[in-house]
Each structure stands twice: as structure tokens, then as C-alpha cells.
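K.L.:
One structure coming up, written as C-alpha cells, with questions to follow.
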Amino acid sequence: MTSLTAITPSVLDPVALAHLVEAAGHGAVCTFVGVVRDHHAGRQVTHLVYEAYEPLALKALDRILIECADTWPTARVAIHHRTGPLAIGEASVVIAAGSPHRAEAFAATRYSIERLKQIVPIWKHEFFDGGTEWVEGATADPDDAGARAEAMRRACA
Amino acid sequence: MRVTVRLFARLRELAGRGDLDCECPGDAATVADVWQQLVARYPALAPYERAVSCAVNAEYARRTSPVADGDEVAFLPPVSGG
């Protein structure tokens with residue numbers, strides 16, 4: 001897969017994604033891998049199923065890349081998110097950022113995961129011992145300047 | 001005027017389906033009108049009134065956004081990717 005953004009039922013490949021953001025002038029590549037954890041809210045999680053509104057999710061990922069380019073023009077960012085059933089330990093999301101120096105790569109990576117959790121229409125269905133639950137996080141509003149500022153604050157903390 | 005409604009995650013489960021047609025009276029309607037029609041059919045969705053986001057033809061929209069015949073209107077519960 002060679003696109004900078006993707007919503008896919010296929011296994012994610014952090015190494016391939018890191019290659020996508022390489023450039024001769026880049027001295028840093030930062031990779032974030034979100035992994036399915038075996039517990040949440042005191043419950044033993046058995047697996048997760050991710051659902052996406054794919055056409056809008058892709059546009060939201062593209063929007064995050066544009067926001068990154070506005071703030072860190074020398075950085076190149078890629079984001080792939082998986083859908084469907086995922087076992088404990090599998091990667092649900094991979095973000096890679098390459099840049100001339102490490103500060104932009106780290107910041108763009110952190111900013112991207114914070115924004116993804118705010119505005120990308122993807123939902124996590126948690127299966128645990130004794131039941132299931134849809135996890136509900138942020139009410140998505142891409143134009144909420146406060147949310148964007150909070151993502152930036154965390155990225156640059 | 002008829003639009004296609006898409007529901008996701010818990011909203012889809014509460015309605016029992018992810019795709020449905022929704023008839024709105026008249027030629028002009030907004031996303032809020034479509035939501036009202038939807039809640040009339042599926043009262044279990046009502047508690048999500050303040051928490052949903054919406055999209056028209058796979059672009060984020062507002063409750064006040066106009067919808068036209070044939071549009072796809074999506075209602076999105078709070079997101080939880082990552």
C-alpha cells in the first residue's frame with residue numbers, strides 16, 4: 001500500500017509506512033503504532049472490531065495531513081487505520097512522520113493521533129468477558145478550534 | 001423529498017440497520033429535519049441528539065445544512081478511533 005492515508009481491513013505495516021515518509025533531506029522518522037490492549041475500564045478485553053465511515057474517514061485523514069503541513073511544512077506524514085476484527089496485540093493505527101529534524105517528526109506524529117481521535121469517523125466495538133460495548137469518545141467537529149488547539153498543545157508539550 | 005440515511009456503530013445497532021431511506025415533506029429540508037424524522041421512527045436514537053455529528057454526501061455538515069433530494073445524510077456517534 002503506497003497511499004499516505006488508508007482505511008483498510010488488511011494488517012498494517014509500520015516499516016512500510018515509515019518508508020513512505022522518507023526523504024534524502026530527512027534526519028528523522030517517527031512512527032507511532034496504536035495496539036489493541038487486553039483491558040479497558042477494569043474489564044478483560046478479548047478483541048475489538050473497528051467500523052469506519054470510509055469516504056469521510058479518508059477525507060478527515062487528508063485534513064489532518066493538511067493541518068500538519070500548515071504547521072510543519074517540512075514534515076511528511078502518513079496515517080493508516082485498520083478496520084474489522086482485531087486481536088489483542090494487533091496494530092489498529094500506524095502514523096509515520098519524516099522531517100529534517102526530530103522535533104517536527106515527534107510533534108506531527110503526536111498531533112496526528114490526537115486529531116485522529118477527535119475528528120476521524122471510526123468506532124471501536126469492544127468485546128470483553130461478559131459483553132460488548134461501543135466506545136464513544138469525542139463528538140467530531142473538524143472546525144472546533146478549541147479541540148485543534150488542545151491537540152497542538154499535547155503535540156508540543 | 002427523499003434522502004438516504006447512514007447510521008454507524010451504536011446508532012446503527014439502535015435502529016437495527018445502517019442504511020435507510022427517509023422521506024422529508026416539501027422541497028427544502030435541513031439535516032435537523034432528517035434527524036427529527038429519524039427519531040420519530042427510532043425513538044431510541046433521541047438521547048444522541050446533542051452528541052451526534054453529521055455529514056452530507058460524505059462531508060461534515062451542520063444541523064442547519066440544507067439537504068437535497070438524493071443526498072446521503074450520515075449521523076455519527078462520538079468517534080473512538082486510534
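Each chain in the C-alpha cells gets a letter, A, B, ..., in the order shown, and its residues are numbered from 1; ligands are numbered from 1 in order too.
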Can you build me a table of stretch 42-120 of chain A residues sitting at most 10 Å from stretch 45-63 of chain B, with the closest atom pair per residue and its distance in Å to one decimal, using only C-alpha atoms, sorted by chain and residue number, as JSON lines?
P.N.:
```
{"residue": "A:Tyr53", "atom": "CA", "partner": "B:Ala58", "partner_atom": "CA", "distance": 8.3}
{"residue": "A:Glu54", "atom": "CA", "partner": "B:Ala58", "partner_atom": "CA", "distance": 8.8}
{"residue": "A:Pro55", "atom": "CA", "partner": "B:Ala58", "partner_atom": "CA", "distance": 6.1}
{"residue": "A:Leu56", "atom": "CA", "partner": "B:Ala58", "partner_atom": "CA", "distance": 5.0}
{"residue": "A:Ala57", "atom": "CA", "partner": "B:Ala58", "partner_atom": "CA", "distance": 8.8}
{"residue": "A:Leu58", "atom": "CA", "partner": "B:Ala58", "partner_atom": "CA", "distance": 9.9}
{"residue": "A:Lys59", "atom": "CA", "partner": "B:Glu59", "partner_atom": "CA", "distance": 8.0}
{"residue": "A:Ala60", "atom": "CA", "partner": "B:Glu59", "partner_atom": "CA", "distance": 9.1}
{"residue": "A:Ile119", "atom": "CA", "partner": "B:Ser53", "partner_atom": "CA", "distance": 9.8}
```
K.L.:
Would you save the residues of that selection, restricted to C-alpha atoms, as a PDB file, in the first residue's frame?
P.N.:
```
ATOM      1  CA  TYR A  53     -17.428   5.678   7.541  1.00  0.00           C
ATOM      2  CA  GLU A  54     -14.739   5.184   4.987  1.00  0.00           C
ATOM      3  CA  PRO A  55     -15.151   8.044   2.482  1.00  0.00           C
ATOM      4  CA  LEU A  56     -15.402  10.631   5.254  1.00  0.00           C
ATOM      5  CA  ALA A  57     -12.653   8.965   7.309  1.00  0.00           C
ATOM      6  CA  LEU A  58     -10.266   9.260   4.356  1.00  0.00           C
ATOM      7  CA  LYS A  59     -11.152  12.932   3.954  1.00  0.00           C
ATOM      8  CA  ALA A  60     -10.596  13.503   7.675  1.00  0.00           C
ATOM      9  CA  ILE A 119     -12.341  14.007  14.028  1.00  0.00           C
TER      10      ILE A 119
END
```
K.L.:
Hey, list the chain A side of the contact with chain B: 12 Å cut-off, only C-alpha atoms, answer as a PyMOL selection string.
P.N.:
chain A and resi 7+32-37+48-61+63+79-83+91-95+110+112-126+132-143
K.L.:
If we count only C-alpha atoms, what is near A:Ile66 at a cut-off of 12 Å, once residues fewer than 2 positions away on the same chain are taken out, given as a ChimeraX atom specification?
P.N.:
/A:4-5,59-64,68-73,75-78,108,111-112,115
K.L.:
Among stretch 29-80 of chain A, which ones does DSSP assign to strand (DSSP E) (computed from the backbone)? Answer as a tab-separated table (two decimals) with all heavy atoms, in the first residue's frame.
P.N.:
```tsv
chain	number	residue	atom	x	y	z
A	29	VAL	N	12.66	10.03	11.34
A	29	VAL	CA	11.37	9.39	11.06
A	29	VAL	C	10.82	8.89	12.39
A	29	VAL	O	11.51	8.19	13.12
A	29	VAL	CB	11.49	8.21	10.08
A	29	VAL	CG1	10.15	7.50	9.94
A	29	VAL	CG2	11.98	8.68	8.72
A	30	CYS	N	9.61	9.32	12.70
A	30	CYS	CA	8.96	8.91	13.95
A	30	CYS	C	7.76	8.05	13.58
A	30	CYS	O	6.98	8.40	12.68
A	30	CYS	CB	8.51	10.17	14.70
A	30	CYS	SG	7.94	9.84	16.34
A	31	THR	N	7.60	6.91	14.25
A	31	THR	CA	6.48	6.02	13.97
A	31	THR	C	5.70	5.77	15.25
A	31	THR	O	6.30	5.46	16.28
A	31	THR	CB	6.97	4.66	13.41
A	31	THR	OG1	7.83	4.91	12.32
A	31	THR	CG2	5.81	3.81	12.95
A	32	PHE	N	4.38	5.93	15.16
A	32	PHE	CA	3.50	5.59	16.28
A	32	PHE	C	2.63	4.41	15.87
A	32	PHE	O	2.05	4.41	14.78
A	32	PHE	CB	2.60	6.77	16.65
A	32	PHE	CG	1.53	6.40	17.64
A	32	PHE	CD1	1.81	6.31	19.00
A	32	PHE	CD2	0.24	6.10	17.20
A	32	PHE	CE1	0.83	5.94	19.90
A	32	PHE	CE2	-0.75	5.72	18.11
A	32	PHE	CZ	-0.45	5.65	19.46
A	33	VAL	N	2.56	3.42	16.75
A	33	VAL	CA	1.70	2.26	16.49
A	33	VAL	C	0.70	2.15	17.64
A	33	VAL	O	1.10	1.99	18.80
A	33	VAL	CB	2.53	0.96	16.38
A	33	VAL	CG1	1.62	-0.23	16.09
A	33	VAL	CG2	3.59	1.09	15.29
A	34	GLY	N	-0.58	2.27	17.33
A	34	GLY	CA	-1.63	2.02	18.32
A	34	GLY	C	-1.96	0.54	18.30
A	34	GLY	O	-2.18	-0.04	17.24
A	35	VAL	N	-1.98	-0.07	19.49
A	35	VAL	CA	-2.08	-1.52	19.60
A	35	VAL	C	-3.29	-1.89	20.45
A	35	VAL	O	-3.62	-1.20	21.42
A	35	VAL	CB	-0.79	-2.07	20.24
A	35	VAL	CG1	-0.87	-3.58	20.44
A	35	VAL	CG2	0.42	-1.71	19.39
A	39	HIS	N	-7.12	-4.84	28.22
A	39	HIS	CA	-8.01	-4.39	29.29
A	39	HIS	C	-8.45	-2.95	29.03
A	39	HIS	O	-7.74	-2.18	28.37
A	39	HIS	CB	-7.31	-4.48	30.65
A	39	HIS	CG	-6.14	-3.54	30.78
A	39	HIS	ND1	-4.90	-3.85	30.28
A	39	HIS	CD2	-6.03	-2.31	31.32
A	39	HIS	CE1	-4.07	-2.84	30.52
A	39	HIS	NE2	-4.73	-1.89	31.15
A	40	HIS	N	-9.65	-2.64	29.53
A	40	HIS	CA	-10.17	-1.28	29.42
A	40	HIS	C	-11.25	-1.12	30.48
A	40	HIS	O	-12.12	-2.00	30.62
A	40	HIS	CB	-10.76	-1.03	28.02
A	40	HIS	CG	-11.35	0.35	27.88
A	40	HIS	ND1	-12.63	0.56	27.42
A	40	HIS	CD2	-10.85	1.57	28.16
A	40	HIS	CE1	-12.88	1.86	27.40
A	40	HIS	NE2	-11.81	2.49	27.85
A	43	ARG	N	-12.05	-4.01	32.64
A	43	ARG	CA	-12.57	-5.24	32.04
A	43	ARG	C	-11.48	-5.95	31.23
A	43	ARG	O	-10.57	-5.31	30.71
A	43	ARG	CB	-13.74	-4.91	31.11
A	43	ARG	CG	-14.93	-4.32	31.84
A	43	ARG	CD	-16.12	-4.27	30.93
A	43	ARG	NE	-15.97	-3.32	29.87
A	43	ARG	CZ	-16.72	-2.23	29.74
A	43	ARG	NH1	-17.66	-1.96	30.60
A	43	ARG	NH2	-16.53	-1.41	28.73
A	44	GLN	N	-11.65	-7.27	31.14
A	44	GLN	CA	-10.72	-8.06	30.34
A	44	GLN	C	-11.21	-8.08	28.90
A	44	GLN	O	-12.24	-8.69	28.59
A	44	GLN	CB	-10.67	-9.49	30.92
A	44	GLN	CG	-9.49	-10.31	30.46
A	44	GLN	CD	-8.16	-9.76	30.97
A	44	GLN	OE1	-8.10	-9.14	32.04
A	44	GLN	NE2	-7.10	-9.94	30.20
A	45	VAL	N	-10.51	-7.40	28.03
A	45	VAL	CA	-10.92	-7.29	26.63
A	45	VAL	C	-10.45	-8.52	25.86
A	45	VAL	O	-9.29	-8.94	26.00
A	45	VAL	CB	-10.34	-6.01	25.99
A	45	VAL	CG1	-10.68	-5.93	24.50
A	45	VAL	CG2	-10.87	-4.78	26.71
A	46	THR	N	-11.34	-9.10	25.05
A	46	THR	CA	-10.97	-10.28	24.26
A	46	THR	C	-10.54	-9.89	22.85
A	46	THR	O	-9.61	-10.44	22.29
A	46	THR	CB	-12.13	-11.29	24.18
A	46	THR	OG1	-13.27	-10.64	23.62
A	46	THR	CG2	-12.48	-11.81	25.58
A	47	HIS	N	-11.23	-8.92	22.25
A	47	HIS	CA	-10.84	-8.39	20.95
A	47	HIS	C	-11.65	-7.13	20.65
A	47	HIS	O	-12.57	-6.80	21.41
A	47	HIS	CB	-11.04	-9.43	19.83
A	47	HIS	CG	-12.48	-9.77	19.55
A	47	HIS	ND1	-13.23	-10.57	20.38
A	47	HIS	CD2	-13.30	-9.42	18.53
A	47	HIS	CE1	-14.45	-10.70	19.87
A	47	HIS	NE2	-14.53	-10.00	18.75
A	48	LEU	N	-11.29	-6.44	19.58
A	48	LEU	CA	-12.01	-5.23	19.16
A	48	LEU	C	-12.46	-5.40	17.71
A	48	LEU	O	-11.84	-6.14	16.94
A	48	LEU	CB	-11.11	-4.00	19.23
A	48	LEU	CG	-10.52	-3.60	20.58
A	48	LEU	CD1	-9.62	-2.37	20.39
A	48	LEU	CD2	-11.63	-3.28	21.57
A	49	VAL	N	-13.54	-4.70	17.38
A	49	VAL	CA	-13.94	-4.60	15.97
A	49	VAL	C	-14.07	-3.11	15.66
A	49	VAL	O	-14.80	-2.38	16.34
A	49	VAL	CB	-15.27	-5.33	15.70
A	49	VAL	CG1	-15.67	-5.16	14.23
A	49	VAL	CG2	-15.16	-6.81	16.04
A	50	TYR	N	-13.34	-2.66	14.65
A	50	TYR	CA	-13.40	-1.25	14.25
A	50	TYR	C	-14.30	-1.09	13.03
A	50	TYR	O	-14.22	-1.85	12.07
A	50	TYR	CB	-12.01	-0.73	13.87
A	50	TYR	CG	-11.11	-0.44	15.05
A	50	TYR	CD1	-10.30	-1.43	15.59
A	50	TYR	CD2	-11.07	0.82	15.63
A	50	TYR	CE1	-9.46	-1.16	16.66
A	50	TYR	CE2	-10.24	1.10	16.70
A	50	TYR	CZ	-9.44	0.11	17.22
A	50	TYR	OH	-8.62	0.38	18.27
A	51	GLU	N	-15.14	-0.05	13.10
A	51	GLU	CA	-16.03	0.30	11.98
A	51	GLU	C	-15.68	1.72	11.55
A	51	GLU	O	-15.37	2.56	12.39
A	51	GLU	CB	-17.48	0.23	12.49
A	51	GLU	CG	-18.54	0.67	11.50
A	51	GLU	CD	-19.95	0.44	12.06
A	51	GLU	OE1	-20.13	-0.47	12.89
A	51	GLU	OE2	-20.86	1.19	11.67
A	52	ALA	N	-15.75	1.99	10.25
A	52	ALA	CA	-15.44	3.34	9.75
A	52	ALA	C	-16.49	3.78	8.74
A	52	ALA	O	-17.09	2.96	8.05
A	52	ALA	CB	-14.07	3.35	9.08
A	76	ARG	N	6.64	15.19	6.44
A	76	ARG	CA	5.78	14.38	5.58
A	76	ARG	C	5.14	13.33	6.49
A	76	ARG	O	5.84	12.63	7.23
A	76	ARG	CB	6.64	13.73	4.51
A	76	ARG	CG	5.92	12.89	3.49
A	76	ARG	CD	6.95	12.48	2.41
A	76	ARG	NE	6.48	11.41	1.55
A	76	ARG	CZ	5.74	11.58	0.46
A	76	ARG	NH1	5.37	12.80	0.10
A	76	ARG	NH2	5.37	10.55	-0.28
A	77	VAL	N	3.81	13.22	6.44
A	77	VAL	CA	3.07	12.38	7.40
A	77	VAL	C	2.23	11.35	6.65
A	77	VAL	O	1.67	11.65	5.59
A	77	VAL	CB	2.16	13.26	8.29
A	77	VAL	CG1	1.38	12.40	9.28
A	77	VAL	CG2	2.98	14.32	9.03
A	78	ALA	N	2.15	10.15	7.21
A	78	ALA	CA	1.29	9.10	6.66
A	78	ALA	C	0.49	8.48	7.81
A	78	ALA	O	1.02	8.32	8.92
A	78	ALA	CB	2.13	8.03	5.97
A	79	ILE	N	-0.78	8.17	7.54
A	79	ILE	CA	-1.65	7.59	8.57
A	79	ILE	C	-2.47	6.46	7.96
A	79	ILE	O	-3.22	6.69	7.00
A	79	ILE	CB	-2.64	8.63	9.15
A	79	ILE	CG1	-1.92	9.92	9.56
A	79	ILE	CG2	-3.40	8.03	10.34
A	79	ILE	CD1	-2.88	11.05	9.95
A	80	HIS	N	-2.34	5.27	8.50
A	80	HIS	CA	-3.18	4.14	8.09
A	80	HIS	C	-3.94	3.61	9.30
A	80	HIS	O	-3.35	3.42	10.37
A	80	HIS	CB	-2.33	3.01	7.50
A	80	HIS	CG	-1.76	3.32	6.14
A	80	HIS	ND1	-1.12	2.39	5.37
A	80	HIS	CD2	-1.74	4.48	5.42
A	80	HIS	CE1	-0.74	2.95	4.22
A	80	HIS	NE2	-1.09	4.23	4.24
```
K.L.:
Quick one: residues within 6 Å of B:Thr4, only C-alpha atoms, excluding same-chain residues fewer than 2 positions away - as a PyMOL selection string?
P.N.:
chain B and resi 20-21+72
K.L.:
Running DSSP on the backbone, which parts of chain B land in helix (DSSP H, G or I), as a list in words?
P.N.:
Ala9, Arg10, Leu11, Arg12, Glu13, Leu14, Ala15, Val31, Ala32, Asp33, Val34, Trp35, Gln36, Gln37, Leu38, Val39, Ala40, Arg41, Pro43, Ala44, Leu45, Ala46, Pro47 and Tyr48 of chain B
K.L.:
Which residues come within 7 Å of stretch 25-29 of chain B, counting only C-alpha atoms, excluding same-chain residues fewer than 2 positions away, as a CSV table (one decimal) with C-alpha atoms, in the first residue's frame?
P.N.:
```csv
chain,number,residue,atom,x,y,z
B,1,MET,CA,-38.0,14.7,-0.9
B,23,GLU,CA,-38.9,11.0,3.3
B,31,VAL,CA,-30.0,17.9,8.4
B,33,ASP,CA,-35.3,17.9,9.7
B,66,PRO,CA,-29.5,22.0,3.6
B,67,VAL,CA,-30.2,18.6,2.2
```
K.L.:
Which residue gives the smallest distance to A:Asp13 among A:Leu65, A:Ala96, A:Ala28, A:Ala41, with only C-alpha atoms counted?
P.N.:
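Smallest distance to A:Asp13 is found for A:Ala96.
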